[in-house]
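For reference, upload24.txt (compact mmCIF, C-alpha atoms):
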```
# COMPACT_ATOMS: atom_id res chain seq x y z
CA MET A 1466 33.07 -58.34 -5.38
CA SER A 1467 33.83 -61.34 -7.56
CA GLN A 1468 31.23 -60.29 -10.09
CA TYR A 1469 33.42 -57.31 -10.91
CA THR A 1470 36.73 -59.18 -11.11
CA GLU A 1471 36.62 -59.45 -14.90
CA ALA A 1472 35.77 -55.77 -15.24
CA ILE A 1473 38.59 -54.67 -12.95
CA VAL A 1474 41.21 -56.93 -14.50
CA LEU A 1475 40.29 -55.99 -18.06
CA GLY A 1476 40.06 -52.28 -17.23
CA LEU A 1477 43.46 -52.36 -15.56
CA THR A 1478 45.00 -54.28 -18.46
CA ALA A 1479 43.54 -51.95 -21.09
CA GLY A 1480 44.74 -48.89 -19.17
CA PHE A 1481 48.23 -50.30 -18.75
CA ILE A 1482 48.47 -51.26 -22.41
CA ALA A 1483 47.31 -47.76 -23.35
CA ARG A 1484 50.13 -46.24 -21.26
CA LEU A 1485 52.65 -48.63 -22.78
CA TYR A 1486 51.41 -47.81 -26.26
CA MET A 1487 51.63 -44.06 -25.69
CA LEU A 1488 55.10 -44.42 -24.16
CA ARG A 1489 56.25 -46.28 -27.25
CA THR A 1490 55.04 -43.62 -29.63
CA ASP A 1491 56.71 -40.64 -27.97
CA TYR A 1492 60.31 -41.29 -28.92
CA ARG A 1493 60.84 -37.65 -29.79
CA ASN A 1494 59.50 -36.17 -26.58
CA TYR A 1495 61.05 -38.76 -24.39
CA PRO A 1496 64.52 -38.35 -22.98
CA SER A 1497 65.72 -41.92 -23.16
CA TYR A 1498 66.51 -42.74 -19.58
CA PRO A 1499 65.32 -46.27 -18.85
CA HIS A 1500 64.23 -45.48 -15.31
CA GLY A 1501 61.78 -42.96 -16.71
CA TYR A 1502 59.99 -45.87 -18.35
CA ILE A 1503 59.59 -47.61 -15.00
CA ILE A 1504 58.26 -44.44 -13.38
CA HIS A 1505 55.69 -43.79 -16.07
CA LEU A 1506 54.61 -47.41 -16.39
CA SER A 1507 54.08 -47.70 -12.63
CA LEU A 1508 52.14 -44.44 -12.50
CA GLY A 1509 50.15 -45.62 -15.53
CA ALA A 1510 49.35 -48.90 -13.74
CA ILE A 1511 48.23 -46.98 -10.64
CA ALA A 1512 46.05 -44.69 -12.75
CA ALA A 1513 44.54 -47.69 -14.56
CA SER A 1514 43.80 -49.56 -11.34
CA LEU A 1515 42.18 -46.48 -9.79
CA ALA A 1516 39.90 -45.98 -12.76
CA ALA A 1517 39.12 -49.67 -13.18
CA ILE A 1518 37.72 -49.99 -9.66
CA ALA A 1519 35.88 -46.67 -9.77
CA LEU A 1520 32.67 -48.00 -11.32
CA PRO A 1521 32.47 -51.23 -9.27
CA ALA A 1522 33.01 -49.16 -6.11
CA LEU A 1523 30.21 -46.83 -7.12
CA LEU A 1524 27.87 -49.74 -7.90
CA GLU A 1525 28.63 -51.24 -4.50
CA GLU A 1526 27.68 -47.89 -3.00
CA GLU A 1527 31.16 -47.50 -1.55
CA TYR A 1528 31.10 -43.72 -1.78
CA THR A 1529 34.10 -43.33 0.52
CA ALA A 1530 36.18 -45.28 -1.99
CA ILE A 1531 35.22 -42.77 -4.67
CA THR A 1532 36.41 -39.87 -2.49
CA PHE A 1533 39.75 -41.57 -2.09
CA LEU A 1534 39.96 -42.07 -5.84
CA VAL A 1535 39.50 -38.36 -6.38
CA LEU A 1536 42.24 -37.67 -3.83
CA CYS A 1537 44.58 -40.06 -5.66
CA ALA A 1538 43.78 -38.48 -9.01
CA GLN A 1539 45.03 -35.19 -7.60
CA GLN A 1540 48.43 -36.78 -7.14
CA PHE A 1541 48.81 -37.12 -10.89
CA ARG A 1542 49.26 -33.42 -11.13
CA ASP A 1543 52.70 -34.00 -9.65
CA ILE A 1544 53.74 -35.84 -12.78
CA ARG A 1545 53.87 -32.56 -14.62
CA ASN A 1546 56.16 -31.06 -11.97
CA MET A 1547 58.32 -34.16 -11.96
CA GLU A 1548 58.85 -34.10 -15.74
CA ARG A 1549 59.40 -30.35 -15.75
CA GLU A 1550 62.04 -30.51 -13.03
CA THR A 1551 63.88 -33.42 -14.62
CA LEU A 1552 63.96 -31.83 -18.05
CA MET A 1553 65.00 -28.45 -16.69
CA LYS A 1554 67.92 -30.01 -14.85
CA LEU A 1555 69.02 -31.81 -18.02
CA GLU A 1556 68.60 -28.56 -19.94
CA GLU A 1557 71.56 -26.97 -18.14
CA ASN A 1558 73.90 -29.43 -19.79
CA THR A 1559 72.45 -29.37 -23.27
CA LEU A 1560 74.18 -27.45 -26.04
CA VAL A 1561 71.00 -26.82 -28.01
CA PRO A 1562 68.39 -26.63 -25.25
CA ARG A 1563 64.72 -27.53 -25.71
CA GLY A 1564 63.54 -24.25 -24.26
CA MET A 1565 60.96 -23.65 -21.52
CA ASP A 1566 57.96 -23.85 -23.83
CA TYR A 1567 58.91 -27.27 -25.17
CA ILE A 1568 59.52 -28.59 -21.65
CA GLU A 1569 56.15 -27.27 -20.48
CA GLY A 1570 54.51 -28.96 -23.47
CA ILE A 1571 56.19 -32.30 -22.74
CA ALA A 1572 55.29 -32.09 -19.05
CA LYS A 1573 51.66 -31.38 -19.93
CA VAL A 1574 51.57 -34.33 -22.33
CA PHE A 1575 52.87 -36.67 -19.64
CA GLU A 1576 50.23 -35.54 -17.18
CA SER A 1577 47.37 -35.79 -19.64
CA ARG A 1578 48.42 -39.28 -20.72
CA ASN A 1579 47.61 -40.54 -17.23
CA TYR A 1580 44.12 -39.06 -17.42
CA LEU A 1581 43.66 -40.77 -20.77
CA VAL A 1582 44.77 -44.04 -19.18
CA MET A 1583 42.10 -43.50 -16.53
CA LEU A 1584 39.49 -42.87 -19.21
CA VAL A 1585 40.46 -46.03 -21.09
CA ALA A 1586 40.32 -48.13 -17.90
CA LEU A 1587 37.01 -46.60 -16.78
CA VAL A 1588 35.22 -47.10 -20.10
CA THR A 1589 36.60 -50.63 -20.48
CA SER A 1590 35.55 -51.77 -17.01
CA GLY A 1591 32.17 -50.12 -17.51
CA THR A 1592 31.63 -51.93 -20.80
CA VAL A 1593 32.52 -55.28 -19.21
CA ILE A 1594 29.97 -54.69 -16.42
CA TYR A 1595 27.15 -53.70 -18.74
CA GLY A 1596 28.06 -55.40 -22.03
CA GLY A 1597 30.09 -58.48 -21.15
CA PHE A 1598 33.67 -59.62 -21.50
CA SER A 1599 34.08 -59.71 -25.29
CA LEU A 1600 32.47 -56.31 -25.78
CA GLY A 1601 34.83 -55.07 -23.06
CA ILE A 1602 37.86 -56.27 -25.01
CA LEU A 1603 36.58 -54.52 -28.14
CA SER A 1604 35.95 -51.28 -26.30
CA GLY A 1605 39.39 -51.51 -24.67
CA ILE A 1606 41.05 -51.72 -28.09
CA GLY A 1607 38.82 -48.93 -29.41
CA MET A 1608 39.63 -46.69 -26.48
CA ILE A 1609 43.37 -47.27 -26.81
CA LEU A 1610 43.21 -46.21 -30.46
CA LEU A 1611 41.00 -43.25 -29.55
CA ALA A 1612 43.50 -42.18 -26.87
CA ARG A 1613 46.27 -42.31 -29.45
CA PHE A 1614 44.17 -40.20 -31.81
CA LEU A 1615 43.36 -37.67 -29.09
CA MET A 1616 47.03 -37.22 -28.23
CA ARG A 1617 48.04 -36.47 -31.83
CA GLY A 1618 49.05 -32.82 -32.01
CA SER A 1619 49.90 -30.94 -35.17
CA PHE A 1620 53.34 -30.62 -36.71
CA ILE A 1621 55.30 -27.88 -38.42
CA ARG A 1622 54.49 -29.46 -41.81
CA ASP A 1623 50.82 -28.66 -41.16
CA ILE A 1624 51.43 -24.92 -40.78
CA ALA A 1625 54.34 -24.08 -43.08
CA SER A 1626 56.16 -25.14 -46.23
CA ILE A 1627 59.85 -25.94 -45.74
CA GLU A 1628 62.53 -25.49 -48.37
CA PRO A 1629 66.32 -25.39 -48.37
CA GLY A 1630 67.66 -21.84 -47.96
CA ARG A 1631 70.79 -20.46 -49.62
CA LEU A 1632 73.58 -19.59 -47.19
CA HIS A 1633 75.69 -16.65 -48.29
CA PHE A 1634 77.71 -13.78 -46.86
CA GLU A 1635 77.58 -10.08 -47.56
CA LYS A 1636 80.91 -9.03 -46.14
CA SER A 1637 80.70 -10.34 -42.58
CA LEU A 1638 76.92 -10.82 -42.40
CA LEU A 1639 75.54 -14.32 -42.77
CA TYR A 1640 72.28 -14.57 -44.72
CA VAL A 1641 69.83 -17.37 -45.35
CA ASP A 1642 68.18 -16.22 -48.59
CA ASP A 1643 67.29 -12.59 -47.76
CA ILE A 1644 67.29 -12.85 -43.97
CA VAL A 1645 70.25 -11.72 -41.88
CA ILE A 1646 71.26 -14.33 -39.32
CA MET A 1647 74.39 -12.96 -37.64
CA ASN A 1648 77.76 -11.26 -38.03
CA VAL A 1649 80.68 -13.66 -38.33
CA GLY A 1650 84.07 -12.05 -37.81
CA ASP A 1651 86.44 -14.89 -38.57
CA PRO A 1652 87.04 -15.46 -42.33
CA ALA A 1653 87.93 -19.12 -41.72
CA ALA A 1654 84.63 -19.61 -39.88
CA ARG A 1655 82.78 -18.03 -42.83
CA GLU A 1656 84.33 -20.53 -45.22
CA LYS A 1657 83.46 -23.43 -42.95
CA ILE A 1658 79.88 -22.19 -42.58
CA LEU A 1659 79.46 -21.97 -46.37
CA ARG A 1660 80.97 -25.44 -46.77
CA GLU A 1661 79.24 -27.32 -43.96
CA GLY A 1662 76.30 -25.21 -42.79
CA ALA A 1663 72.68 -25.71 -43.74
CA GLY A 1664 69.93 -23.17 -44.24
CA LEU A 1665 66.17 -23.69 -44.18
CA MET A 1666 63.31 -21.40 -45.12
CA LEU A 1667 59.91 -21.91 -43.52
CA HIS A 1668 57.01 -20.15 -45.20
CA PRO A 1669 53.83 -20.15 -43.09
CA TYR A 1670 50.62 -21.03 -44.96
CA ASP A 1671 48.51 -18.40 -43.18
CA ASP A 1672 48.50 -15.89 -40.32
CA ASP A 1673 47.92 -18.62 -37.73
CA GLY A 1674 51.08 -20.36 -38.93
CA ARG A 1675 52.89 -17.06 -38.91
CA ALA A 1676 51.96 -16.53 -35.27
CA VAL A 1677 53.32 -19.98 -34.39
CA LEU A 1678 56.65 -19.37 -36.12
CA ASN A 1679 56.84 -15.99 -34.39
CA ASN A 1680 56.97 -17.73 -31.01
CA LEU A 1681 60.51 -17.92 -29.63
CA GLY A 1682 59.80 -21.16 -27.77
CA GLN A 1683 58.65 -22.76 -31.03
CA ARG A 1684 61.81 -21.61 -32.79
CA GLN A 1685 63.97 -23.09 -30.04
CA ALA A 1686 61.99 -26.35 -30.26
CA LEU A 1687 62.70 -26.46 -34.01
CA LEU A 1688 66.42 -25.92 -33.48
CA HIS A 1689 66.49 -28.54 -30.76
CA ASP A 1690 64.61 -31.19 -32.71
CA ILE A 1691 66.61 -30.71 -35.90
CA SER A 1692 69.88 -30.72 -33.94
CA MET A 1693 68.83 -33.85 -32.11
CA LEU A 1694 67.96 -35.74 -35.29
CA VAL A 1695 70.80 -34.72 -37.63
CA GLY A 1696 73.39 -33.70 -35.02
CA ASN A 1697 75.00 -30.33 -34.46
CA LYS A 1698 78.65 -29.27 -34.58
CA LEU A 1699 78.19 -26.62 -31.90
CA GLU A 1700 80.88 -26.79 -29.21
CA ILE A 1701 81.47 -24.97 -25.94
CA GLY A 1702 83.44 -21.79 -26.49
CA GLU A 1703 82.82 -21.79 -30.26
CA PRO A 1704 79.70 -19.69 -30.66
CA GLU A 1705 80.17 -19.29 -34.44
CA TRP A 1706 78.39 -22.60 -34.95
CA SER A 1707 75.34 -21.70 -32.85
CA PRO A 1708 72.11 -22.55 -34.63
CA ALA A 1709 69.78 -19.59 -35.10
CA ALA A 1710 66.29 -18.81 -36.37
CA ARG A 1711 65.35 -15.35 -37.60
CA LYS A 1712 62.19 -14.13 -39.28
CA ASN A 1713 61.50 -11.93 -42.22
CA MET A 1714 59.36 -9.28 -40.59
CA GLU A 1715 57.52 -8.46 -43.84
CA THR A 1716 56.38 -11.96 -44.75
CA GLY A 1717 56.69 -13.87 -41.48
CA ALA A 1718 58.96 -16.44 -43.15
CA LEU A 1719 61.45 -18.04 -40.79
CA ALA A 1720 65.08 -18.67 -41.72
CA ILE A 1721 67.01 -21.35 -39.86
CA PHE A 1722 70.76 -21.76 -39.84
CA LEU A 1723 72.61 -24.68 -38.31
CA MET A 1724 75.82 -26.68 -38.62
CA PRO A 1725 74.62 -30.28 -38.87
CA ASN A 1726 76.83 -33.31 -38.39
CA GLU A 1727 75.19 -34.81 -41.44
CA LYS A 1728 74.50 -32.28 -44.16
CA ASP A 1729 71.67 -34.23 -45.74
CA MET A 1730 69.10 -31.59 -46.71
CA GLY A 1731 66.31 -34.16 -47.16
CA CYS A 1732 66.71 -35.40 -43.59
CA ILE A 1733 67.06 -31.87 -42.20
CA ILE A 1734 63.83 -30.77 -43.90
CA GLU A 1735 62.05 -33.92 -42.69
CA ALA A 1736 63.27 -33.25 -39.13
CA ALA A 1737 61.89 -29.70 -39.29
CA LYS A 1738 58.58 -30.96 -40.71
CA ARG A 1739 58.14 -33.43 -37.87
CA THR A 1740 58.77 -30.93 -35.09
CA PRO A 1741 55.60 -30.70 -33.03
CA VAL A 1742 53.71 -27.43 -32.89
CA LEU A 1743 53.89 -26.43 -29.24
CA GLU A 1744 50.62 -25.97 -27.42
CA SER A 1745 51.86 -22.72 -25.92
CA ALA A 1746 52.84 -21.38 -29.36
CA VAL A 1747 49.44 -21.91 -30.94
CA GLN A 1748 47.57 -18.70 -31.57
CA LYS A 1749 44.60 -18.38 -33.83
CA PRO A 1750 44.25 -14.77 -34.95
CA LEU A 1751 42.22 -15.99 -37.93
CA ALA A 1752 39.56 -17.35 -35.58
CA SER A 1753 38.62 -13.80 -34.61
CA THR A 1754 36.86 -11.25 -36.79
CA ILE A 1755 39.58 -8.69 -36.16
CA GLY A 1756 42.30 -11.13 -37.17
CA LYS A 1757 40.37 -12.20 -40.27
CA GLU A 1758 39.77 -8.63 -41.41
CA ALA A 1759 43.36 -7.62 -40.71
CA ALA A 1760 44.64 -10.59 -42.71
CA ASP A 1761 43.10 -9.68 -46.07
CA MET B 547 76.21 -10.58 -18.34
CA LYS B 548 74.93 -11.08 -21.88
CA ASP B 549 75.97 -9.33 -25.08
CA THR B 550 79.01 -7.69 -23.53
CA ILE B 551 82.00 -6.52 -25.56
CA LEU B 552 84.95 -8.20 -23.89
CA ALA B 553 87.76 -7.04 -26.15
CA ALA B 554 88.56 -5.27 -29.40
CA VAL B 555 91.30 -6.21 -31.84
CA VAL B 556 92.45 -3.47 -34.18
CA THR B 557 95.29 -2.93 -36.63
CA ARG B 558 97.78 -0.15 -35.87
CA GLN B 559 96.54 2.15 -38.68
CA ASN B 560 92.95 1.87 -37.34
CA ALA B 561 93.92 2.20 -33.68
CA ASP B 562 92.11 5.53 -33.30
CA LYS B 563 88.77 3.90 -34.13
CA VAL B 564 88.43 2.23 -30.74
CA GLN B 565 88.56 4.17 -27.53
CA GLY B 566 87.54 3.96 -23.92
CA MET B 567 87.77 0.17 -23.58
CA ASN B 568 89.80 -1.85 -21.14
CA SER B 569 90.94 -4.49 -23.59
CA ILE B 570 92.11 -3.11 -26.89
CA PHE B 571 94.62 -5.31 -28.69
CA ILE B 572 96.64 -3.49 -31.33
CA VAL B 573 98.12 -5.71 -34.05
CA GLU B 574 100.33 -5.07 -37.08
CA ASN B 575 98.29 -6.54 -39.93
CA GLU B 576 95.06 -8.33 -40.83
CA THR B 577 96.52 -11.82 -40.60
CA GLU B 578 97.64 -11.16 -37.06
CA GLN B 579 94.25 -9.59 -36.34
CA GLN B 580 92.41 -12.73 -37.44
CA ARG B 581 94.70 -14.96 -35.42
CA MET B 582 94.36 -12.77 -32.34
CA ALA B 583 90.56 -12.68 -32.71
CA LEU B 584 90.44 -16.48 -32.97
CA LEU B 585 92.67 -16.93 -29.91
CA LEU B 586 90.62 -14.49 -27.85
CA SER B 587 87.39 -16.05 -29.06
CA ARG B 588 88.45 -19.49 -27.83
CA ILE B 589 89.93 -18.17 -24.59
CA LEU B 590 86.97 -15.98 -23.67
CA LYS B 591 84.30 -18.32 -25.12
CA ALA B 592 83.12 -15.30 -27.06
CA MET B 593 82.25 -14.68 -30.67
CA SER B 594 84.34 -12.47 -32.90
CA HIS B 595 82.38 -9.91 -34.92
CA ASP B 596 83.77 -7.88 -37.78
CA LEU B 597 82.70 -4.22 -37.70
CA GLU B 598 83.95 -3.88 -41.29
CA ASN B 599 86.09 -0.83 -40.45
CA GLY B 600 89.20 -2.71 -39.46
CA VAL B 601 87.91 -3.35 -35.93
CA THR B 602 87.05 -6.81 -34.65
CA ILE B 603 85.20 -7.12 -31.36
CA LEU B 604 84.76 -10.12 -29.07
CA VAL B 605 81.25 -10.39 -27.72
CA GLN B 606 79.92 -12.69 -25.05
CA HIS B 607 76.40 -13.71 -26.10
```

Translate the structure of the given file into C-alpha cells.
Amino acid sequence: MSQYTEAIVLGLTAGFIARLYMLRTDYRNYPSYPHGYIIHLSLGAIAASLAAIALPALLEEEYTAITFLVLCAQQFRDIRNMERETLMKLEENTLVPRGMDYIEGIAKVFESRNYLVMLVALVTSGTVIYGGFSLGILSGIGMILLARFLMRGSFIRDIASIEPGRLHFEKSLLYVDDIVIMNVGDPAAREKILREGAGLMLHPYDDDGRAVLNNLGQRQALLHDISMLVGNKLEIGEPEWSPAARKNMETGALAIFLMPNEKDMGCIIEAAKRTPVLESAVQKPLASTIGKEAAD
Amino acid sequence: MKDTILAAVVTRQNADKVQGMNSIFIVENETEQQRMALLLSRILKAMSHDLENGVTILVQH
C-alpha cells in the first residue's frame, strides 16, 4: 500500500484544491451562507479521496473496493437535490426571486463540480503512479485549470448587445424605448419611475440569442442578478416598483425595467452582461437546417 | 388568485362606467381618486392601474 501513498495524498490534495478553487470563483451563484462552504468542502474532500484511491485499489486487484466507490459516487447525486431544496426555501423570502431555471442550473453546477473534483484526483493520482511525483504535481495544476475552463459557461454579453433604454410614459403606459412594460395608475409613481428607474435594451446577435432571451427563466435570472448587484427598491405591497422584462415580438429585443438602489447605468449594464446564460435556456435553432433556412 | 381586480375607484361623474363589482369606491374628484387608489394599493398590496376613462382599478398580480 505504501507505494501508493504519494499518489493518494497528491490526488486528494489536488482534488480538494480544485473544489476550493471552484468554490472561490462562484461568488454569483453562491448564496453566502458560511456553513454551505463547509458542506461543499467536505463533500469535495470525500469525492477527492474516493477518486484518489480508485486507481491504487484497481492495481491491487481490490475489485470490491471499486464497487463501493461506484456506490459512493451515486451519493453525489444528492448534492443537486440538497442545493435545489435550500435555494427553493430561500426563494420564498426573496423579493426578486432567482426563478426555477436558475436554481436548477446552480444545483446542476454544484453536482458536476464534484465529478470534476473526482476527475482531477483520479488523473493526478494516476500520473503520480505512472509518471512520478513531480509530473503528478504538474498534472494536478493542469487539471485544476482545465476543470475551471470546463466549468466556464457563456454569459449574456456573448449572445446580445446591451444598451440603456429610454423610460417614458404614454398616458399611463410605461415604455422602455418602443416596448410596453406595464400600466402605472398612480401619477406620483410615474414621476418617481421616470426619476429613479432604469431601462435596458438587449438586442440578440442571432436567432440562438433570441431564443435564449425568449426564455422566461432566463429573464428572471437577469432581473435577479441585476437586482442583486445594484440593489432594487421593490418593497412588499408596492408592486409599482416590480422589475419586469418584456420582448419586442418583431425583433426579439428584450426590454428590462427596474428601480435600482444605485442608478449607475454603467454598473447596471455590466451586471446584465455578466448574467450567466442558463443551461436550460440554451436553444440552438441555427444548428438545424430548418432553423437556418427560416432565419434568412 | 392572480391578476384579480380587487376594487375600482371612480369619480362621481364617471360612476356609470363601472358596474357589477363588489368594491366600487366613488370619489368627488381626481385628487381624491389618486389618494384613494394609493391607500387601497398599500392596504391590499395591489397595483393601481389607470384605465384612462376616469376609472382606476386595483389589481392583485

Within 8 Å of chain B: each chain A residue with its shortest pair, only C-alpha atoms, as a tab-separated table:
```
residue	atom	partner	partner_atom	distance
A:Lys1636	CA	B:Glu598	CA	7.7
A:Ser1637	CA	B:Asp596	CA	6.2
A:Asn1648	CA	B:His595	CA	5.7
A:Val1649	CA	B:His595	CA	5.3
A:Gly1650	CA	B:His595	CA	4.0
A:Asp1651	CA	B:Gln580	CA	6.4
A:Pro1652	CA	B:Gln580	CA	7.8
A:Ile1701	CA	B:Lys591	CA	7.3
A:Gly1702	CA	B:Lys591	CA	3.8
A:Glu1703	CA	B:Lys591	CA	6.4
A:Pro1704	CA	B:Met593	CA	5.6
A:Glu1705	CA	B:Met593	CA	6.3
```

Neighbours of Met1583 (chain A) within 10 Å (all atoms listed in the file; same-chain residues fewer than 5 positions away dropped), as a PyMOL selection string? chain A and resi 1476-1477+1479-1481+1483-1484+1509-1517+1519+1538+1577-1578+1588-1589

From A:Ile1734, A:Glu1656, A:Leu1665, A:Val1561, residue lying nearest Gly1696 (chain A) [all atoms listed in the file]: A:Val1561

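Distances from A:Val1593, A:Gly1501, A:Tyr1486, A:Asn1579 to Leu1552 (chain A) were compared using all atoms listed in the file, and the smallest one belongs to A:Gly1501.
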
Please supply region 1613-1638 of chain A, rebuilt with N, CA and C atoms, as an mmCIF file, keeping the file's coordinate frame.
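Listed below is the output, rebuild_35.cif:
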```
data_model
loop_
_atom_site.group_PDB
_atom_site.id
_atom_site.type_symbol
_atom_site.label_atom_id
_atom_site.label_comp_id
_atom_site.auth_asym_id
_atom_site.auth_seq_id
_atom_site.Cartn_x
_atom_site.Cartn_y
_atom_site.Cartn_z
ATOM 1 N N ARG A 1613 45.147 -42.636 -28.565
ATOM 2 C CA ARG A 1613 46.270 -42.310 -29.450
ATOM 3 C C ARG A 1613 45.877 -41.156 -30.372
ATOM 4 N N PHE A 1614 44.652 -41.239 -30.895
ATOM 5 C CA PHE A 1614 44.170 -40.200 -31.810
ATOM 6 C C PHE A 1614 44.047 -38.852 -31.086
ATOM 7 N N LEU A 1615 43.547 -38.907 -29.843
ATOM 8 C CA LEU A 1615 43.360 -37.670 -29.090
ATOM 9 C C LEU A 1615 44.684 -36.982 -28.790
ATOM 10 N N MET A 1616 45.748 -37.789 -28.617
ATOM 11 C CA MET A 1616 47.030 -37.220 -28.230
ATOM 12 C C MET A 1616 47.818 -36.680 -29.426
ATOM 13 N N ARG A 1617 47.296 -36.894 -30.642
ATOM 14 C CA ARG A 1617 48.040 -36.470 -31.830
ATOM 15 C C ARG A 1617 47.940 -34.953 -31.969
ATOM 16 N N GLY A 1618 49.047 -34.270 -31.819
ATOM 17 C CA GLY A 1618 49.050 -32.820 -32.010
ATOM 18 C C GLY A 1618 49.377 -32.522 -33.461
ATOM 19 N N SER A 1619 49.526 -31.247 -33.797
ATOM 20 C CA SER A 1619 49.900 -30.940 -35.170
ATOM 21 C C SER A 1619 51.414 -30.725 -35.251
ATOM 22 N N PHE A 1620 51.906 -30.720 -36.475
ATOM 23 C CA PHE A 1620 53.340 -30.620 -36.710
ATOM 24 C C PHE A 1620 53.633 -29.399 -37.581
ATOM 25 N N ILE A 1621 54.918 -29.045 -37.642
ATOM 26 C CA ILE A 1621 55.300 -27.880 -38.420
ATOM 27 C C ILE A 1621 54.861 -28.026 -39.885
ATOM 28 N N ARG A 1622 54.879 -29.261 -40.404
ATOM 29 C CA ARG A 1622 54.490 -29.460 -41.810
ATOM 30 C C ARG A 1622 53.035 -29.067 -42.062
ATOM 31 N N ASP A 1623 52.223 -29.043 -40.993
ATOM 32 C CA ASP A 1623 50.820 -28.660 -41.160
ATOM 33 C C ASP A 1623 50.640 -27.147 -41.267
ATOM 34 N N ILE A 1624 51.630 -26.379 -40.822
ATOM 35 C CA ILE A 1624 51.430 -24.920 -40.780
ATOM 36 C C ILE A 1624 52.359 -24.148 -41.714
ATOM 37 N N ALA A 1625 53.392 -24.824 -42.240
ATOM 38 C CA ALA A 1625 54.340 -24.080 -43.080
ATOM 39 C C ALA A 1625 54.992 -24.984 -44.114
ATOM 40 N N SER A 1626 55.395 -24.380 -45.240
ATOM 41 C CA SER A 1626 56.160 -25.140 -46.230
ATOM 42 C C SER A 1626 57.642 -24.955 -45.891
ATOM 43 N N ILE A 1627 58.433 -25.996 -46.129
ATOM 44 C CA ILE A 1627 59.850 -25.940 -45.740
ATOM 45 C C ILE A 1627 60.725 -26.230 -46.948
ATOM 46 N N GLU A 1628 61.639 -25.307 -47.227
ATOM 47 C CA GLU A 1628 62.530 -25.490 -48.370
ATOM 48 C C GLU A 1628 63.970 -25.216 -47.922
ATOM 49 N N PRO A 1629 64.930 -25.725 -48.707
ATOM 50 C CA PRO A 1629 66.320 -25.390 -48.370
ATOM 51 C C PRO A 1629 66.546 -23.897 -48.625
ATOM 52 N N GLY A 1630 67.332 -23.257 -47.774
ATOM 53 C CA GLY A 1630 67.660 -21.840 -47.960
ATOM 54 C C GLY A 1630 69.108 -21.715 -48.392
ATOM 55 N N ARG A 1631 69.422 -20.634 -49.123
ATOM 56 C CA ARG A 1631 70.790 -20.460 -49.620
ATOM 57 C C ARG A 1631 71.604 -19.668 -48.594
ATOM 58 N N LEU A 1632 72.690 -20.289 -48.134
ATOM 59 C CA LEU A 1632 73.580 -19.590 -47.190
ATOM 60 C C LEU A 1632 74.552 -18.741 -47.998
ATOM 61 N N HIS A 1633 74.677 -17.472 -47.637
ATOM 62 C CA HIS A 1633 75.690 -16.650 -48.290
ATOM 63 C C HIS A 1633 76.082 -15.496 -47.367
ATOM 64 N N PHE A 1634 77.228 -14.898 -47.673
ATOM 65 C CA PHE A 1634 77.710 -13.780 -46.860
ATOM 66 C C PHE A 1634 77.684 -12.492 -47.659
ATOM 67 N N GLU A 1635 77.319 -11.401 -46.997
ATOM 68 C CA GLU A 1635 77.580 -10.080 -47.560
ATOM 69 C C GLU A 1635 78.562 -9.448 -46.595
ATOM 70 N N LYS A 1636 79.809 -9.379 -47.033
ATOM 71 C CA LYS A 1636 80.910 -9.030 -46.140
ATOM 72 C C LYS A 1636 80.902 -9.980 -44.939
ATOM 73 N N SER A 1637 80.623 -9.452 -43.739
ATOM 74 C CA SER A 1637 80.700 -10.340 -42.580
ATOM 75 C C SER A 1637 79.327 -10.844 -42.127
ATOM 76 N N LEU A 1638 78.264 -10.431 -42.829
ATOM 77 C CA LEU A 1638 76.920 -10.820 -42.400
ATOM 78 C C LEU A 1638 76.471 -12.116 -43.074
#
```
